[in-house]
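Here is entry02.txt, consisting of compact mmCIF, C-alpha atoms:
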# COMPACT_ATOMS: atom_id res chain seq x y z
CA MET Z 1052 11.10 11.45 30.23
CA GLU Z 1053 7.41 10.63 30.28
CA PHE Z 1054 6.04 8.87 27.23
CA ASN Z 1055 3.62 10.97 25.21
CA PRO Z 1056 2.34 9.26 22.04
CA GLY Z 1057 1.08 12.62 20.77
CA LYS Z 1058 4.66 13.70 20.18
CA HIS Z 1059 4.98 10.90 17.63
CA ILE Z 1060 1.85 11.46 15.56
CA PHE Z 1061 2.58 13.00 12.20
CA LYS Z 1062 -0.20 15.06 10.63
CA SER Z 1063 0.24 17.33 7.65
CA PRO Z 1064 -2.35 19.40 5.82
CA LYS Z 1065 -0.31 18.63 2.68
CA VAL Z 1066 -1.61 15.06 2.67
CA HIS Z 1067 -5.21 16.14 2.44
CA ALA Z 1068 -4.31 18.93 0.01
CA VAL Z 1069 -2.56 16.58 -2.38
CA ILE Z 1070 -5.52 14.16 -2.34
CA ASN Z 1071 -7.83 17.02 -3.33
CA GLU Z 1072 -5.35 18.17 -5.95
CA ALA Z 1073 -5.30 14.65 -7.41
CA ILE Z 1074 -9.11 14.45 -7.55
CA ALA Z 1075 -9.32 17.86 -9.24
CA PHE Z 1076 -6.67 16.71 -11.71
CA LEU Z 1077 -8.55 13.51 -12.51
CA ASN Z 1078 -11.77 15.44 -13.11
CA GLN Z 1079 -10.15 17.55 -15.83
CA THR Z 1080 -8.45 14.69 -17.69
CA PRO Z 1081 -9.79 13.84 -21.16
CA ILE Z 1082 -12.66 11.36 -21.10
CA TYR Z 1083 -12.76 8.30 -23.35
CA GLN Z 1084 -15.03 5.52 -24.43
CA LEU Z 1085 -14.26 2.36 -22.51
CA PRO Z 1086 -11.70 0.85 -22.85
CA SER Z 1087 -9.04 3.54 -23.25
CA PRO Z 1088 -8.06 4.38 -26.84
CA GLU Z 1089 -4.79 2.48 -26.78
CA SER Z 1090 -2.53 0.71 -24.36
CA PHE Z 1091 -0.35 2.80 -22.10
CA ILE Z 1092 2.10 2.27 -19.29
CA GLY Z 1093 1.39 3.15 -15.69
CA THR Z 1094 -0.47 2.49 -12.49
CA GLY Z 1095 -3.10 4.73 -10.97
CA VAL Z 1096 -6.77 5.41 -10.45
CA TYR Z 1097 -9.77 5.46 -12.79
CA CYS Z 1098 -13.48 6.24 -12.91
CA LEU Z 1099 -16.12 4.56 -15.08
CA TYR Z 1100 -19.24 6.50 -16.08
CA TYR Z 1101 -22.53 5.07 -17.27
CA LEU Z 1102 -24.63 6.89 -19.87
CA GLY Z 1103 -26.98 4.17 -21.12
CA LYS Z 1104 -30.63 3.27 -20.83
CA TYR Z 1105 -30.63 0.40 -18.32
CA ASP Z 1106 -33.77 1.16 -16.36
CA ILE Z 1107 -32.62 1.14 -12.75
CA TYR Z 1108 -29.44 3.11 -13.56
CA LYS Z 1109 -31.43 5.92 -15.20
CA LYS Z 1110 -30.67 8.42 -12.46
CA ILE Z 1111 -26.93 7.87 -12.84
CA ALA Z 1112 -27.05 8.17 -16.63
CA ASP Z 1113 -29.12 11.36 -16.42
CA ALA Z 1114 -26.71 12.89 -13.93
CA ASN Z 1115 -23.82 12.33 -16.37
CA MET Z 1116 -25.57 13.73 -19.45
CA THR Z 1117 -24.15 17.24 -19.35
CA GLU Z 1118 -20.86 16.33 -17.71
CA CYS Z 1119 -19.44 13.03 -16.47
CA ASN Z 1120 -19.17 13.61 -12.77
CA HIS Z 1121 -20.96 10.63 -11.22
CA PRO Z 1122 -18.86 7.50 -11.61
CA ILE Z 1123 -20.60 4.15 -11.37
CA TYR Z 1124 -17.27 2.58 -10.43
CA VAL Z 1125 -13.89 3.75 -9.17
CA GLY Z 1126 -10.86 1.50 -9.23
CA LYS Z 1127 -7.11 1.42 -8.94
CA ALA Z 1128 -4.12 -0.39 -10.38
CA VAL Z 1129 -1.22 -0.57 -7.96
CA PRO Z 1130 2.42 -1.35 -8.79
CA LYS Z 1131 3.45 -4.99 -8.67
CA GLY Z 1132 5.07 -5.86 -5.38
CA TRP Z 1133 3.18 -2.94 -3.91
CA ARG Z 1134 3.44 -4.06 -0.29
CA THR Z 1135 7.20 -4.39 -0.33
CA ALA Z 1136 8.45 -2.55 -3.38
CA ARG Z 1137 10.45 0.58 -2.89
CA THR Z 1138 8.97 2.67 -5.67
CA GLY Z 1139 6.27 2.40 -8.25
CA SER Z 1140 7.65 0.75 -11.30
CA GLU Z 1141 6.86 2.41 -14.58
CA GLU Z 1142 6.85 -0.98 -16.27
CA ASP Z 1143 3.48 -2.00 -14.89
CA ALA Z 1144 0.78 -1.75 -17.53
CA THR Z 1145 -1.96 -2.59 -15.09
CA LEU Z 1146 -4.12 0.54 -15.44
CA ALA Z 1147 -4.72 -0.13 -19.12
CA GLN Z 1148 -5.15 -3.84 -18.35
CA ARG Z 1149 -7.80 -3.12 -15.72
CA LEU Z 1150 -9.76 -0.95 -18.15
CA ARG Z 1151 -9.67 -3.69 -20.79
CA GLU Z 1152 -10.74 -6.26 -18.22
CA HIS Z 1153 -13.70 -4.08 -17.17
CA SER Z 1154 -14.60 -3.63 -20.80
CA ARG Z 1155 -14.77 -7.44 -21.22
CA SER Z 1156 -16.92 -7.78 -18.08
CA ILE Z 1157 -19.36 -5.18 -19.38
CA LYS Z 1158 -19.52 -6.74 -22.87
CA GLN Z 1159 -20.42 -10.10 -21.33
CA GLY Z 1160 -22.80 -8.71 -18.70
CA SER Z 1161 -26.45 -8.84 -19.68
CA GLY Z 1162 -28.34 -5.54 -19.87
CA LEU Z 1163 -25.23 -3.46 -20.52
CA ASP Z 1164 -23.63 -2.06 -23.67
CA VAL Z 1165 -19.95 -1.16 -23.52
CA ASN Z 1166 -20.62 1.81 -25.81
CA ASP Z 1167 -22.59 3.37 -22.95
CA PHE Z 1168 -19.49 3.59 -20.77
CA LYS Z 1169 -16.87 6.27 -20.55
CA CYS Z 1170 -13.75 6.42 -18.44
CA ARG Z 1171 -11.31 8.83 -16.92
CA PHE Z 1172 -7.97 7.77 -15.55
CA MET Z 1173 -4.95 9.24 -13.82
CA ILE Z 1174 -1.46 7.79 -13.94
CA LEU Z 1175 0.46 7.88 -10.64
CA ASN Z 1176 4.07 6.75 -10.94
CA GLY Z 1177 7.14 7.06 -8.75
CA GLU Z 1178 6.54 8.88 -5.46
CA GLU Z 1179 3.01 9.75 -6.55
CA SER Z 1180 2.16 6.03 -6.65
CA SER Z 1181 2.05 6.10 -2.85
CA MET Z 1182 -1.17 8.10 -3.21
CA ILE Z 1183 -3.07 5.53 -5.28
CA THR Z 1184 -4.92 3.74 -2.47
CA ILE Z 1185 -5.83 6.90 -0.61
CA VAL Z 1186 -7.01 8.75 -3.72
CA GLU Z 1187 -9.21 5.80 -4.70
CA ALA Z 1188 -10.63 5.73 -1.17
CA ALA Z 1189 -11.31 9.48 -1.26
CA LEU Z 1190 -13.08 9.17 -4.62
CA ILE Z 1191 -15.27 6.37 -3.28
CA ARG Z 1192 -16.13 8.40 -0.18
CA LYS Z 1193 -16.88 11.45 -2.33
CA TYR Z 1194 -18.96 9.85 -5.09
CA ARG Z 1195 -20.31 6.67 -3.45
CA PRO Z 1196 -20.19 4.87 -6.85
CA LEU Z 1197 -22.96 2.30 -7.12
CA TRP Z 1198 -20.70 -0.62 -8.07
CA ASN Z 1199 -18.32 0.14 -5.20
CA THR Z 1200 -20.82 0.78 -2.44
CA ILE Z 1201 -24.15 -0.92 -3.21
CA VAL Z 1202 -23.67 -3.62 -5.84
CA ASP Z 1203 -20.85 -5.93 -4.95
CA GLY Z 1204 -18.54 -7.86 -7.30
CA PHE Z 1205 -17.89 -5.90 -10.51
CA GLY Z 1206 -14.16 -5.76 -9.85
CA ASN Z 1207 -13.87 -9.45 -8.99
CA HIS Z 1208 -11.52 -11.74 -10.88
CA ASP Z 1209 -11.92 -15.30 -12.04
CA PRO Z 1210 -11.23 -17.26 -8.82
CA GLY Z 1211 -9.70 -20.08 -10.87
CA SER Z 1212 -10.40 -23.77 -11.14
CA GLY Z 1213 -11.05 -25.55 -7.88
CA ARG Z 1214 -12.58 -22.43 -6.38
CA TYR Z 1215 -15.85 -22.27 -8.25
CA ASP Z 1216 -17.89 -23.39 -5.26
CA GLN Z 1217 -18.27 -19.78 -4.11
CA ALA Z 1218 -21.39 -17.72 -4.74
CA LYS Z 1219 -21.94 -15.35 -7.64
CA SER Z 1220 -21.59 -11.70 -6.74
CA GLU Z 1221 -24.49 -9.27 -6.79
CA TRP Z 1222 -23.11 -7.75 -9.97
CA ASP Z 1223 -23.10 -11.14 -11.68
CA ILE Z 1224 -26.73 -11.77 -10.65
CA LEU Z 1225 -27.79 -8.38 -11.97
CA HIS Z 1226 -25.73 -8.64 -15.17
CA PRO Z 1227 -25.29 -12.37 -15.81
CA GLY Z 1228 -22.95 -13.55 -18.53
CA ARG Z 1229 -19.32 -13.22 -17.42
CA SER Z 1230 -17.81 -16.50 -18.56
CA TRP Z 1231 -16.03 -17.32 -15.30
CA ALA Z 1232 -18.91 -16.15 -13.10
CA GLU Z 1233 -21.25 -18.58 -14.82
CA LYS Z 1234 -19.17 -21.42 -13.36
CA LEU Z 1235 -19.77 -20.32 -9.76
CA LYS Z 1236 -21.95 -22.79 -7.86
CA GLY Z 1237 -22.51 -21.19 -4.43
CA LYS Z 1238 -25.90 -19.95 -3.21
CA SER Z 1239 -26.64 -16.76 -5.15
CA PRO Z 1240 -27.89 -13.50 -3.69
CA ASN Z 1241 -31.50 -12.65 -4.55
CA LEU Z 1242 -32.06 -10.54 -7.69
CA GLU Z 1243 -35.08 -8.69 -6.36
CA GLY Z 1244 -33.22 -7.83 -3.17
CA ILE Z 1245 -30.39 -6.29 -5.18
CA LYS Z 1246 -32.79 -4.22 -7.29
CA ILE Z 1247 -34.54 -2.93 -4.18
CA LYS Z 1248 -31.19 -1.94 -2.66
CA ILE Z 1249 -30.25 0.00 -5.79
CA LYS Z 1250 -33.59 1.80 -6.02
CA LYS Z 1251 -33.29 2.81 -2.40
CA ALA Z 1252 -29.72 4.02 -2.87
CA LEU Z 1253 -30.65 6.13 -5.90
CA GLU Z 1254 -33.78 7.65 -4.38
CA MET J 953 -9.13 13.39 -30.06
CA GLU J 954 -5.62 12.03 -30.16
CA PHE J 955 -4.53 10.04 -27.13
CA ASN J 956 -1.79 11.68 -25.11
CA PRO J 957 -0.79 9.75 -21.96
CA GLY J 958 1.01 12.84 -20.66
CA LYS J 959 -2.35 14.48 -20.03
CA HIS J 960 -3.12 11.74 -17.50
CA ILE J 961 0.07 11.76 -15.45
CA PHE J 962 -0.37 13.36 -12.06
CA LYS J 963 2.71 14.94 -10.47
CA SER J 964 2.64 17.21 -7.48
CA PRO J 965 5.53 18.82 -5.63
CA LYS J 966 3.39 18.36 -2.50
CA VAL J 967 4.10 14.63 -2.51
CA HIS J 968 7.83 15.12 -2.29
CA ALA J 969 7.39 17.99 0.18
CA VAL J 970 5.28 15.92 2.55
CA ILE J 971 7.81 13.07 2.48
CA ASN J 972 10.54 15.50 3.51
CA GLU J 973 8.28 17.01 6.14
CA ALA J 974 7.66 13.54 7.56
CA ILE J 975 11.39 12.72 7.72
CA ALA J 976 12.13 16.03 9.45
CA PHE J 977 9.32 15.31 11.90
CA LEU J 978 10.66 11.82 12.67
CA ASN J 979 14.14 13.19 13.29
CA GLN J 980 12.87 15.51 16.03
CA THR J 981 10.73 12.93 17.86
CA PRO J 982 11.89 11.83 21.32
CA ILE J 983 14.31 8.92 21.25
CA TYR J 984 13.89 5.85 23.45
CA GLN J 985 15.66 2.73 24.48
CA LEU J 986 14.41 -0.25 22.52
CA PRO J 987 11.62 -1.33 22.83
CA SER J 988 9.45 1.75 23.27
CA PRO J 989 8.59 2.71 26.85
CA GLU J 990 5.06 1.37 26.77
CA SER J 991 2.55 0.02 24.33
CA PHE J 992 0.76 2.46 22.09
CA ILE J 993 -1.73 2.36 19.26
CA GLY J 994 -0.87 3.18 15.68
CA THR J 995 0.86 2.27 12.48
CA GLY J 996 3.84 4.07 11.01
CA VAL J 997 7.57 4.15 10.50
CA TYR J 998 10.52 3.68 12.84
CA CYS J 999 14.31 3.84 12.99
CA LEU J 1000 16.63 1.73 15.13
CA TYR J 1001 20.02 3.11 16.18
CA TYR J 1002 23.03 1.15 17.35
CA LEU J 1003 25.38 2.56 19.97
CA GLY J 1004 27.24 -0.52 21.20
CA LYS J 1005 30.69 -2.01 20.89
CA TYR J 1006 30.24 -4.80 18.34
CA ASP J 1007 33.46 -4.54 16.41
CA ILE J 1008 32.34 -4.32 12.80
CA TYR J 1009 29.53 -1.87 13.62
CA LYS J 1010 31.94 0.55 15.30
CA LYS J 1011 31.64 3.18 12.61
CA ILE J 1012 27.84 3.25 12.96
CA ALA J 1013 27.99 3.48 16.76
CA ASP J 1014 30.56 6.27 16.60
CA ALA J 1015 28.43 8.22 14.14
CA ASN J 1016 25.50 8.10 16.56
CA MET J 1017 27.44 9.17 19.65
CA THR J 1018 26.61 12.85 19.59
CA GLU J 1019 23.21 12.51 17.94
CA CYS J 1020 21.27 9.52 16.65
CA ASN J 1021 21.13 10.18 12.95
CA HIS J 1022 22.41 6.98 11.38
CA PRO J 1023 19.82 4.22 11.72
CA ILE J 1024 20.99 0.63 11.42
CA TYR J 1025 17.47 -0.35 10.47
CA VAL J 1026 14.34 1.36 9.20
CA GLY J 1027 10.97 -0.36 9.22
CA LYS J 1028 7.26 0.16 8.93
CA ALA J 1029 4.02 -1.14 10.35
CA VAL J 1030 1.12 -0.81 7.91
CA PRO J 1031 -2.58 -1.00 8.73
CA LYS J 1032 -4.18 -4.42 8.55
CA GLY J 1033 -5.93 -4.99 5.26
CA TRP J 1034 -3.59 -2.39 3.80
CA ARG J 1035 -4.07 -3.44 0.19
CA THR J 1036 -7.82 -3.14 0.26
CA ALA J 1037 -8.74 -1.16 3.35
CA ARG J 1038 -10.22 2.25 2.90
CA THR J 1039 -8.42 4.05 5.70
CA GLY J 1040 -5.77 3.32 8.26
CA SER J 1041 -7.43 1.85 11.29
CA GLU J 1042 -6.39 3.30 14.59
CA GLU J 1043 -6.92 -0.07 16.23
CA ASP J 1044 -3.74 -1.56 14.82
CA ALA J 1045 -1.05 -1.78 17.48
CA THR J 1046 1.51 -3.01 15.01
CA LEU J 1047 4.15 -0.29 15.41
CA ALA J 1048 4.62 -1.10 19.09
CA GLN J 1049 4.43 -4.81 18.27
CA ARG J 1050 7.16 -4.50 15.65
CA LEU J 1051 9.45 -2.71 18.11
CA ARG J 1052 8.89 -5.44 20.71
CA GLU J 1053 9.54 -8.11 18.10
CA HIS J 1054 12.82 -6.43 17.10
CA SER J 1055 13.75 -6.19 20.74
CA ARG J 1056 13.29 -9.98 21.10
CA SER J 1057 15.39 -10.63 17.97
CA ILE J 1058 18.21 -8.49 19.31
CA LYS J 1059 18.10 -10.09 22.77
CA GLN J 1060 18.43 -13.53 21.20
CA GLY J 1061 21.02 -12.51 18.58
CA SER J 1062 24.60 -13.25 19.55
CA GLY J 1063 27.01 -10.30 19.81
CA LEU J 1064 24.27 -7.76 20.48
CA ASP J 1065 22.91 -6.16 23.66
CA VAL J 1066 19.43 -4.66 23.49
CA ASN J 1067 20.57 -1.87 25.83
CA ASP J 1068 22.78 -0.61 23.01
CA PHE J 1069 19.77 0.14 20.83
CA LYS J 1070 17.62 3.21 20.64
CA CYS J 1071 14.59 3.90 18.52
CA ARG J 1072 12.58 6.71 17.03
CA PHE J 1073 9.11 6.22 15.62
CA MET J 1074 6.40 8.17 13.92
CA ILE J 1075 2.71 7.30 14.01
CA LEU J 1076 0.86 7.75 10.71
CA ASN J 1077 -2.88 7.22 11.00
CA GLY J 1078 -5.87 8.03 8.79
CA GLU J 1079 -4.97 9.77 5.53
CA GLU J 1080 -1.35 10.05 6.64
CA SER J 1081 -1.12 6.24 6.70
CA SER J 1082 -0.98 6.33 2.90
CA MET J 1083 2.51 7.79 3.28
CA ILE J 1084 3.97 4.92 5.33
CA THR J 1085 5.50 2.89 2.49
CA ILE J 1086 6.93 5.88 0.66
CA VAL J 1087 8.39 7.47 3.82
CA GLU J 1088 10.06 4.20 4.76
CA ALA J 1089 11.47 3.95 1.23
CA ALA J 1090 12.75 7.54 1.37
CA LEU J 1091 14.42 6.90 4.73
CA ILE J 1092 16.14 3.80 3.36
CA ARG J 1093 17.34 5.70 0.30
CA LYS J 1094 18.56 8.56 2.47
CA TYR J 1095 20.34 6.61 5.21
CA ARG J 1096 21.15 3.28 3.55
CA PRO J 1097 20.74 1.47 6.92
CA LEU J 1098 23.05 -1.52 7.15
CA TRP J 1099 20.34 -4.03 8.05
CA ASN J 1100 18.14 -2.86 5.20
CA THR J 1101 20.70 -2.60 2.46
CA ILE J 1102 23.70 -4.82 3.20
CA VAL J 1103 22.78 -7.46 5.80
CA ASP J 1104 19.62 -9.25 4.87
CA GLY J 1105 17.02 -10.80 7.18
CA PHE J 1106 16.69 -8.81 10.42
CA GLY J 1107 13.02 -8.04 9.76
CA ASN J 1108 12.14 -11.63 8.84
CA HIS J 1109 9.43 -13.52 10.68
CA ASP J 1110 9.23 -17.12 11.79
CA PRO J 1111 8.26 -18.87 8.53
CA GLY J 1112 6.25 -21.42 10.52
CA SER J 1113 6.32 -25.18 10.73
CA GLY J 1114 6.69 -27.00 7.44
CA ARG J 1115 8.73 -24.15 5.99
CA TYR J 1116 11.98 -24.57 7.90
CA ASP J 1117 13.82 -25.97 4.89
CA GLN J 1118 14.78 -22.47 3.81
CA ALA J 1119 18.22 -20.95 4.48
CA LYS J 1120 19.13 -18.76 7.43
CA SER J 1121 19.39 -15.09 6.58
CA GLU J 1122 22.67 -13.18 6.67
CA TRP J 1123 21.54 -11.49 9.87
CA ASP J 1124 20.96 -14.86 11.53
CA ILE J 1125 24.43 -16.07 10.51
CA LEU J 1126 26.04 -12.91 11.87
CA HIS J 1127 23.94 -12.87 15.07
CA PRO J 1128 22.89 -16.49 15.64
CA GLY J 1129 20.36 -17.29 18.34
CA ARG J 1130 16.86 -16.37 17.23
CA SER J 1131 14.82 -19.38 18.30
CA TRP J 1132 12.94 -19.82 15.03
CA ALA J 1133 15.98 -19.12 12.87
CA GLU J 1134 17.88 -21.94 14.55
CA LYS J 1135 15.35 -24.37 13.03
CA LEU J 1136 16.14 -23.32 9.45
CA LYS J 1137 17.90 -26.09 7.53
CA GLY J 1138 18.73 -24.55 4.12
CA LYS J 1139 22.27 -23.87 2.93
CA SER J 1140 23.53 -20.88 4.92
CA PRO J 1141 25.32 -17.85 3.51
CA ASN J 1142 29.02 -17.60 4.38
CA LEU J 1143 29.89 -15.67 7.57
CA GLU J 1144 33.19 -14.32 6.26
CA GLY J 1145 31.50 -13.13 3.09
CA ILE J 1146 28.97 -11.18 5.12
CA LYS J 1147 31.65 -9.54 7.26
CA ILE J 1148 33.61 -8.52 4.18
CA LYS J 1149 30.48 -6.97 2.66
CA ILE J 1150 29.86 -4.96 5.82
CA LYS J 1151 33.45 -3.72 6.07
CA LYS J 1152 33.33 -2.64 2.47
CA ALA J 1153 30.01 -0.86 2.95
CA LEU J 1154 31.26 1.02 6.02
CA GLU J 1155 34.60 2.04 4.53

Output the structure of this file as structure tokens.
Amino acid sequence: MEFNPGKHIFKSPKVHAVINEAIAFLNQTPIYQLPSPESFIGTGVYCLYYLGKYDIYKKIADANMTECNHPIYVGKAVPKGWRTARTGSEEDATLAQRLREHSRSIKQGSGLDVNDFKCRFMILNGEESSMITIVEAALIRKYRPLWNTIVDGFGNHDPGSGRYDQAKSEWDILHPGRSWAEKLKGKSPNLEGIKIKIKKALE
Amino acid sequence: MEFNPGKHIFKSPKVHAVINEAIAFLNQTPIYQLPSPESFIGTGVYCLYYLGKYDIYKKIADANMTECNHPIYVGKAVPKGWRTARTGSEEDATLAQRLREHSRSIKQGSGLDVNDFKCRFMILNGEESSMITIVEAALIRKYRPLWNTIVDGFGNHDPGSGRYDQAKSEWDILHPGRSWAEKLKGKSPNLEGIKIKIKKALE
């Protein structure tokens, strides 16, 4: 029998359909001030929305005034042991943890006020947890959130002692103040260059 | 507004449906001698079937005589940069690589003949690549393949120099001969214990 790779390629319209279903679901979930109102269990995907007065983000804030539909950042929390684990564990509290962590970053970042941020989030457990990465990717493709696509580094973590010789991220240059980022000693990106990039992206 | 986590949990019957669709698809793909007939591009999921005469695997071989439906091993090849990457890259040749690697393991493993092995595989690219982990998990739950659930270690890789102080896996005790496994110096599991486990599992 001749080998035909095409006979082995699995495609299903259900995959695309369920991604769209998930995005539509997320967009009708209740919206909260950042961080979320209380802790909760689960992994999944979230959007952060900016509604403040920081000059170069004005266009984003304006776009969200009537309805929050233009995230400034999209992120995910995946189950522990994600690469090898058999199913999403419902014991991971990482979605709530990520939102709290972002809240801390924003509180420390100069020019930002955490009260100007809202969030939406979607919990994906069990079989649905397999969709987390692809739903996040689809949201980023759809909304091109500024802090995912133009300004790099918001989602970074403290690299830990002994690894502070790396450069600050663009986000940390634009919004200096994160305690761990202030320890970074590498050659920083140029502030004016970042601002120009943003202006161009929001034109 | 009171916080109700239930409003944020996304469940869709499409997720379960597409997993079942994928398994049904895999089960009707052409079957080949191990390794696959030629190299091909793509990531995805595969099943290995045993049809030989190794005594304690007799029940598995018998079950596959009329139709290969009882895999001895199920595995996956995920896109590079899986944790962070935005989409499955079609440049990963890892599914074919994994099959070749398994073929080498079996050729070196005592008591086995690579000609007694067949394989099925399913290529999941692009959005479908998000399903790889969950489809593999569903196949393992459904078929309880011996080398996934009872005998540990078939899918292991060479740990590399400086890390040979770990123990041989159960698979390497049962089928000694893999070149890298022979270098492992840790306390080995007991051969009789492994055989008893297998007999019990196949009762």

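For the residues Z:Ile1191, Z:Cys1170, Z:Ile1082, Z:Val1202, ranking by smallest atom-to-atom distance to Leu1225 of chain Z using all atoms listed in the file places Z:Val1202 first.
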
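What separates atom CA of Leu1150 of chain Z from atom CA of Glu1072 of chain Z is a distance of 23.1 Å.
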
Pull the closest atom pair for each residue of chain J that gets at most 8 Å from chain Z, along with the distance in Å to one decimal, counting only C-alpha atoms, ordering rows by chain and then ascending residue number, as a Markdown table.
| residue | atom | partner | partner_atom | distance |
| --- | --- | --- | --- | --- |
| J:Phe955 | CA | Z:Pro1088 | CA | 6.7 |
| J:Pro957 | CA | Z:Phe1091 | CA | 7.0 |
| J:Lys959 | CA | Z:Thr1080 | CA | 6.5 |
| J:His960 | CA | Z:Met1173 | CA | 4.8 |
| J:Ile961 | CA | Z:Ile1174 | CA | 4.5 |
| J:Phe962 | CA | Z:Leu1175 | CA | 5.7 |
| J:Lys963 | CA | Z:Glu1179 | CA | 6.5 |
| J:Ser964 | CA | Z:Val1069 | CA | 7.3 |
| J:Lys966 | CA | Z:Val1069 | CA | 6.2 |
| J:Val967 | CA | Z:Glu1179 | CA | 6.4 |
| J:His968 | CA | Z:Glu1178 | CA | 7.1 |
| J:Val970 | CA | Z:Lys1065 | CA | 6.2 |
| J:Ala974 | CA | Z:Phe1061 | CA | 6.9 |
| J:Phe977 | CA | Z:Phe1061 | CA | 7.1 |
| J:Leu978 | CA | Z:His1059 | CA | 7.6 |
| J:Thr981 | CA | Z:His1059 | CA | 6.1 |
| J:Pro982 | CA | Z:Lys1058 | CA | 7.6 |
| J:Pro989 | CA | Z:Phe1054 | CA | 6.7 |
| J:Glu990 | CA | Z:Phe1054 | CA | 7.6 |
| J:Phe992 | CA | Z:Pro1056 | CA | 7.0 |
| J:Arg1035 | CA | Z:Arg1134 | CA | 7.6 |
| J:Thr1036 | CA | Z:Thr1184 | CA | 7.9 |
| J:Arg1038 | CA | Z:Ala1188 | CA | 5.4 |
| J:Thr1039 | CA | Z:Ile1185 | CA | 7.4 |
| J:Phe1073 | CA | Z:His1059 | CA | 6.6 |
| J:Met1074 | CA | Z:His1059 | CA | 4.8 |
| J:Ile1075 | CA | Z:Ile1060 | CA | 4.5 |
| J:Leu1076 | CA | Z:Phe1061 | CA | 5.7 |
| J:Asn1077 | CA | Z:Ile1060 | CA | 7.8 |
| J:Glu1079 | CA | Z:Ile1185 | CA | 6.8 |
| J:Glu1080 | CA | Z:Val1066 | CA | 6.4 |
| J:Ser1082 | CA | Z:Ile1185 | CA | 6.0 |
| J:Met1083 | CA | Z:Ser1181 | CA | 6.4 |
| J:Thr1085 | CA | Z:Ser1181 | CA | 7.1 |
| J:Ile1086 | CA | Z:Ser1181 | CA | 6.0 |
| J:Ala1089 | CA | Z:Arg1137 | CA | 5.4 |

Segment 1085-1089 of chain Z: axis-aligned bounding box, 8 Å on each side, centre and edge lengths in Å, one decimal, as lines of an AutoDock Vina configuration file:
center_x = -9.5
center_y = 2.6
center_z = -24.7
size_x = 25.5
size_y = 19.5
size_z = 20.3

Go ahead and compute the interatomic distance for atom CA of Glu1221 of chain Z and atom CA of Glu1243 of chain Z, in Å to one decimal.
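Between atom CA of Glu1221 of chain Z and atom CA of Glu1243 of chain Z the gap works out to 10.6 Å.
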
Test item: residues at most 9 Å from segment 1118-1120 of chain Z, all atoms listed in the file, excluding those fewer than 5 positions along its chain, as a short mmCIF file (atom, residue, chain, number, x, y, z; two decimals) with C-alpha atoms, in the frame of the given file:
data_model
loop_
_atom_site.label_atom_id
_atom_site.label_comp_id
_atom_site.auth_asym_id
_atom_site.auth_seq_id
_atom_site.Cartn_x
_atom_site.Cartn_y
_atom_site.Cartn_z
CA ASN Z 1078 -11.77 15.44 -13.11
CA ILE Z 1082 -12.66 11.36 -21.10
CA TYR Z 1100 -19.24 6.50 -16.08
CA TYR Z 1101 -22.53 5.07 -17.27
CA LEU Z 1102 -24.63 6.89 -19.87
CA LYS Z 1169 -16.87 6.27 -20.55
CA CYS Z 1170 -13.75 6.42 -18.44
CA TYR Z 1194 -18.96 9.85 -5.09
#

Cut-off 12 Å around (32.6, 2.1, 3.1) with all atoms listed in the file: residues as number ranges by chain
J: 1008-1009, 1011-1012, 1096, 1098, 1102, 1148-1155

Two-atom distance - atom CA of Tyr1116 of chain J, atom CA of Val1066 of chain J (Å)
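Between atom CA of Tyr1116 of chain J and atom CA of Val1066 of chain J the gap is 26.4 Å.
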
Write out as a PyMOL selection string which residues come within 8 Å of Ser1220 of chain Z when counting only C-alpha atoms, dropping same-chain ones fewer than 5 positions away.
chain Z and resi 1203-1205+1239-1240

Quick one: everything within 9 Å of Lys1234 of chain Z, counting all atoms listed in the file, minus sequence neighbours fewer than 2 positions away in the same chain. Send it as a list in words.
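Non-adjacent residues within range: Tyr1215, Asp1216, Lys1219, Ser1230, Trp1231, Ala1232 and Lys1236 of chain Z.
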
List every protein, DNA or RNA residue with an atom no more than 6 Å from (10.6, -0.1, 8.1) in the file's coordinates, counting only C-alpha atoms, and format the result as a list in words.
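These residues have at least one counted atom within 6 Å: Val997, Val1026, Gly1027, Lys1028 and Glu1088 of chain J.
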
Go ahead and write the selection's residues with C-alpha atoms as a PDB file, in the coordinates of the input.
ATOM      1  CA  VAL J 997       7.570   4.150  10.500  1.00  0.00           C
ATOM      2  CA  VAL J1026      14.340   1.360   9.200  1.00  0.00           C
ATOM      3  CA  GLY J1027      10.970  -0.360   9.220  1.00  0.00           C
ATOM      4  CA  LYS J1028       7.260   0.160   8.930  1.00  0.00           C
ATOM      5  CA  GLU J1088      10.060   4.200   4.760  1.00  0.00           C
TER       6      GLU J1088
END
